[in-house]
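S.K.: Below is the structure I would like to discuss, written out as structure tokens.
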There are 2 protein chains.
Amino acid sequence: MYLAKVYVTYKPSILDPKGEAIKDALHRLDYENVAAVTLGKYFEIKLTPGEKPLAEQVDEMCDRLLANVNMETYRYEITELEA
Amino acid sequence: MYLAKVYVTYKPSILDPKGEAIKDALHRLDYENVAAVTLGKYFEIKLTPGEKPLAEQVDEMCDRLLANVNMETYRYEITELEA
């Protein structure tokens with residue numbers, strides 16, 4: 001069994017109002033040293049080896065379902081889980 | 001400037017209906033080898049050194065704002081950004 005950790009974040013040019021709101025909330029909680037916050041999605045996908053290489057499959061999953069490639073960018077790591 | 005990468009995920013005992021829905025969608029896209037999907041949040045926080053150690057601050061931010069500690073668990077990494 002393998003574990004793919006997928007991180008989906010907005011492209012730098014895209015406004016992130018939730019991240020801004022969290023930054024403001026942290027400032028109100030007196031964390032004045034916070035300069036910027038961005039909010040993304042984090043997927044953990046457990047999968048078994050398929051017909052294609054796993055990295056190719058995870059790439060496809062991101063492009064087709066997990067990320068909106070117009071606005072978002074993604075990266076991932078794949079690790080083998082101990083049985 | 002430092003970058004804190006914060007990962008917030010549901011505790012294992014908590015139902016994750018969005019993760020289940022994504023797993024089902026991946027199965028419909030013929031990724032039958034996907035065994036489980038969990039959906040979490042991913043924060044990138046840029047911050048400058050404050051009065052307290054950064055790790056202590058990030059811990060506090062998670063407990064107070066970023067994670068619902070009744071249902072969620074978190075982990076983070078702090079790295080120094082090049083100037």
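By order of appearance in the structure tokens: chains A, B, ..., then residues from 1 within every chain, and ligands from 1 in the order shown.
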If the cut-off is 10 Å, can you tell me the residues of chain A near chain B, counting only C-alpha atoms? I'd like them as a ChimeraX atom specification.

M.R.: /A:1-9,19,22-23,25-26,29,31-51,57-58,60-61,64-66

S.K.: Would you please extract all alpha helix (DSSP H) residues from stretch 24-75 of chain B, as assigned by DSSP on the backbone, and give them as a ChimeraX atom specification?

M.R.: /B:24-28,54-61

S.K.: So how many Å separate atom CA of A:Ile14 and atom CA of A:Ile78, to one decimal?

M.R.: 27.2 Å

S.K.: Using DSSP on the backbone coordinates, identify all residues within chain A classified as strand (DSSP E); present the result as a PyMOL selection string.

M.R.: chain A and resi 2-10+34-47+72-80
